[in-house]
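Notes for the one structure printed next.
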Amino acid sequence: MNSEKQVPVLADEAVDSRAVLKEVYEALSEKGYNPIGQIVGYLLSEDPTYITNTNNARALIRKIDRDELMCELVKCYLELD
């Protein structure tokens with residue numbers, strides 16, 4: 001049996017970006033990486049090698065629409081909504 005934690009995928013393929021980012025953050029932390037730097041690198045470049053395969057993190061983060069996520073991050077940072 002695979003010892004890695006399995007992340008459920010919703011049947012309707014809706015993606016909770018916050019939950020995905022938290023899972024990816026945890027996986028990167030677990031591997032000893034700087035999670036913020038790695039996630040930012042991925043968002044800027046779309047290079048999946050910034051994200052570890054641990055806990056299926058690489059596949060998870062690729063389900064997020066990067067442009068929409070960056071828009072939401074800027075809105076949140078500017079406290080616009």
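Following the order of the structure tokens, chains are lettered A, B, ..., residues in each are numbered from 1, and ligands are numbered from 1.
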Env of A:Ile64: 12 Å cut, atoms = only C-alpha atoms, seq-sep filter 5 positions within chain, self excluded. Answer as a short mmCIF file (atom, residue, chain, number, x, y, z; two decimals) with all heavy atoms, in the first residue's frame.
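Resulting contents of result_32.cif:
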```
data_model
loop_
_atom_site.label_atom_id
_atom_site.label_comp_id
_atom_site.auth_asym_id
_atom_site.auth_seq_id
_atom_site.Cartn_x
_atom_site.Cartn_y
_atom_site.Cartn_z
N GLU A 13 -15.00 17.96 -10.35
CA GLU A 13 -13.73 18.56 -10.78
C GLU A 13 -13.57 20.01 -10.31
O GLU A 13 -12.68 20.70 -10.80
CB GLU A 13 -13.58 18.49 -12.32
CG GLU A 13 -13.43 17.09 -12.85
CD GLU A 13 -12.22 16.36 -12.32
OE1 GLU A 13 -11.14 16.96 -12.23
OE2 GLU A 13 -12.37 15.19 -11.96
N ALA A 14 -14.43 20.49 -9.42
CA ALA A 14 -14.23 21.80 -8.83
C ALA A 14 -12.96 21.74 -8.00
O ALA A 14 -12.70 20.75 -7.34
CB ALA A 14 -15.42 22.20 -7.98
N VAL A 15 -12.19 22.80 -8.04
CA VAL A 15 -10.93 22.81 -7.33
C VAL A 15 -10.96 23.90 -6.27
O VAL A 15 -11.25 25.05 -6.56
CB VAL A 15 -9.74 23.05 -8.30
CG1 VAL A 15 -8.44 23.17 -7.55
CG2 VAL A 15 -9.67 21.94 -9.32
N ASP A 16 -10.68 23.53 -5.03
CA ASP A 16 -10.57 24.48 -3.94
C ASP A 16 -9.11 24.92 -3.90
O ASP A 16 -8.25 24.22 -3.35
CB ASP A 16 -11.01 23.82 -2.63
CG ASP A 16 -10.90 24.74 -1.44
OD1 ASP A 16 -10.37 25.87 -1.57
OD2 ASP A 16 -11.35 24.33 -0.35
N SER A 17 -8.82 26.06 -4.48
CA SER A 17 -7.44 26.53 -4.61
C SER A 17 -6.76 26.67 -3.26
O SER A 17 -5.58 26.35 -3.12
CB SER A 17 -7.40 27.87 -5.35
OG SER A 17 -7.88 27.71 -6.66
N ARG A 18 -7.48 27.15 -2.26
CA ARG A 18 -6.88 27.33 -0.94
C ARG A 18 -6.44 25.98 -0.37
O ARG A 18 -5.33 25.84 0.13
CB ARG A 18 -7.87 28.00 0.00
CG ARG A 18 -7.30 28.28 1.38
CD ARG A 18 -8.33 28.96 2.26
NE ARG A 18 -8.81 30.18 1.65
CZ ARG A 18 -8.52 31.39 2.07
NH1 ARG A 18 -7.75 31.55 3.12
NH2 ARG A 18 -8.99 32.45 1.45
N ALA A 19 -7.31 24.97 -0.49
CA ALA A 19 -6.99 23.64 0.02
C ALA A 19 -5.80 23.04 -0.73
O ALA A 19 -4.91 22.43 -0.13
CB ALA A 19 -8.20 22.72 -0.06
N VAL A 20 -5.78 23.23 -2.04
CA VAL A 20 -4.68 22.71 -2.85
C VAL A 20 -3.37 23.38 -2.45
O VAL A 20 -2.35 22.71 -2.24
CB VAL A 20 -4.96 22.91 -4.36
CG1 VAL A 20 -3.69 22.66 -5.18
CG2 VAL A 20 -6.08 22.00 -4.82
N LEU A 21 -3.38 24.71 -2.30
CA LEU A 21 -2.16 25.41 -1.92
C LEU A 21 -1.67 24.97 -0.55
O LEU A 21 -0.45 24.83 -0.33
CB LEU A 21 -2.38 26.92 -1.93
CG LEU A 21 -2.39 27.56 -3.31
CD1 LEU A 21 -2.72 29.05 -3.20
CD2 LEU A 21 -1.08 27.37 -4.03
N VAL A 24 -0.01 21.56 -1.01
CA VAL A 24 1.27 21.73 -1.69
C VAL A 24 2.30 22.33 -0.73
O VAL A 24 3.44 21.88 -0.65
CB VAL A 24 1.11 22.58 -2.97
CG1 VAL A 24 2.46 22.97 -3.55
CG2 VAL A 24 0.26 21.84 -4.00
N ILE A 39 6.42 27.78 -4.57
CA ILE A 39 5.10 28.06 -5.15
C ILE A 39 5.16 29.28 -6.04
O ILE A 39 4.61 29.29 -7.15
CB ILE A 39 4.03 28.20 -4.04
CG1 ILE A 39 3.80 26.84 -3.36
CG2 ILE A 39 2.73 28.74 -4.61
CD1 ILE A 39 2.97 26.90 -2.09
N TYR A 42 6.78 28.39 -9.28
CA TYR A 42 5.85 27.68 -10.15
C TYR A 42 4.84 28.64 -10.78
O TYR A 42 4.58 28.58 -11.99
CB TYR A 42 5.10 26.58 -9.38
CG TYR A 42 3.97 26.02 -10.20
CD1 TYR A 42 4.24 25.15 -11.25
CD2 TYR A 42 2.66 26.41 -9.99
CE1 TYR A 42 3.23 24.67 -12.06
CE2 TYR A 42 1.63 25.93 -10.78
CZ TYR A 42 1.92 25.06 -11.81
OH TYR A 42 0.91 24.60 -12.62
N LEU A 43 4.26 29.53 -9.97
CA LEU A 43 3.24 30.45 -10.49
C LEU A 43 3.81 31.36 -11.58
O LEU A 43 3.12 31.67 -12.55
CB LEU A 43 2.63 31.27 -9.36
CG LEU A 43 1.76 30.50 -8.39
CD1 LEU A 43 1.33 31.40 -7.24
CD2 LEU A 43 0.54 29.91 -9.09
N GLU A 46 5.32 28.38 -14.46
CA GLU A 46 4.52 27.18 -14.77
C GLU A 46 5.42 25.96 -14.96
O GLU A 46 5.04 24.97 -15.59
CB GLU A 46 3.61 27.39 -15.98
CG GLU A 46 2.47 26.41 -16.01
CD GLU A 46 1.44 26.69 -17.10
OE1 GLU A 46 1.64 27.58 -17.93
OE2 GLU A 46 0.41 26.00 -17.10
N ALA A 57 1.52 16.43 -4.81
CA ALA A 57 1.46 17.90 -4.84
C ALA A 57 1.58 18.47 -6.25
O ALA A 57 0.89 19.42 -6.61
CB ALA A 57 2.54 18.48 -3.94
N ARG A 58 2.46 17.89 -7.06
CA ARG A 58 2.66 18.42 -8.42
C ARG A 58 1.39 18.30 -9.25
O ARG A 58 1.01 19.23 -9.95
CB ARG A 58 3.82 17.70 -9.10
CG ARG A 58 4.24 18.34 -10.39
CD ARG A 58 5.46 17.68 -10.97
NE ARG A 58 6.63 17.96 -10.13
CZ ARG A 58 7.78 17.33 -10.23
NH1 ARG A 58 7.93 16.36 -11.12
NH2 ARG A 58 8.79 17.63 -9.45
N ALA A 59 0.73 17.17 -9.17
CA ALA A 59 -0.51 16.98 -9.93
C ALA A 59 -1.61 17.89 -9.39
O ALA A 59 -2.41 18.44 -10.17
CB ALA A 59 -0.96 15.52 -9.86
N LEU A 69 -5.74 32.37 -9.95
CA LEU A 69 -5.15 32.37 -8.63
C LEU A 69 -4.37 33.66 -8.39
O LEU A 69 -4.49 34.28 -7.33
CB LEU A 69 -4.24 31.16 -8.44
CG LEU A 69 -3.51 31.10 -7.10
CD1 LEU A 69 -4.50 31.08 -5.93
CD2 LEU A 69 -2.60 29.90 -7.05
N MET A 70 -3.58 34.08 -9.35
CA MET A 70 -2.81 35.31 -9.18
C MET A 70 -3.72 36.52 -9.02
O MET A 70 -3.45 37.41 -8.21
CB MET A 70 -1.79 35.47 -10.30
CG MET A 70 -0.63 34.50 -10.14
SD MET A 70 0.78 34.83 -11.19
CE MET A 70 0.29 34.00 -12.68
N GLU A 72 -6.71 36.47 -7.67
CA GLU A 72 -7.24 36.36 -6.31
C GLU A 72 -6.20 36.77 -5.27
O GLU A 72 -6.54 37.43 -4.29
CB GLU A 72 -7.74 34.94 -6.03
CG GLU A 72 -9.03 34.59 -6.75
CD GLU A 72 -10.16 35.53 -6.39
OE1 GLU A 72 -10.36 35.84 -5.20
OE2 GLU A 72 -10.85 35.99 -7.32
#
```
In chain A, DSSP alpha helix (DSSP H) residues written as a PyMOL selection string: chain A and resi 17-30+35-45+57-61+66-77
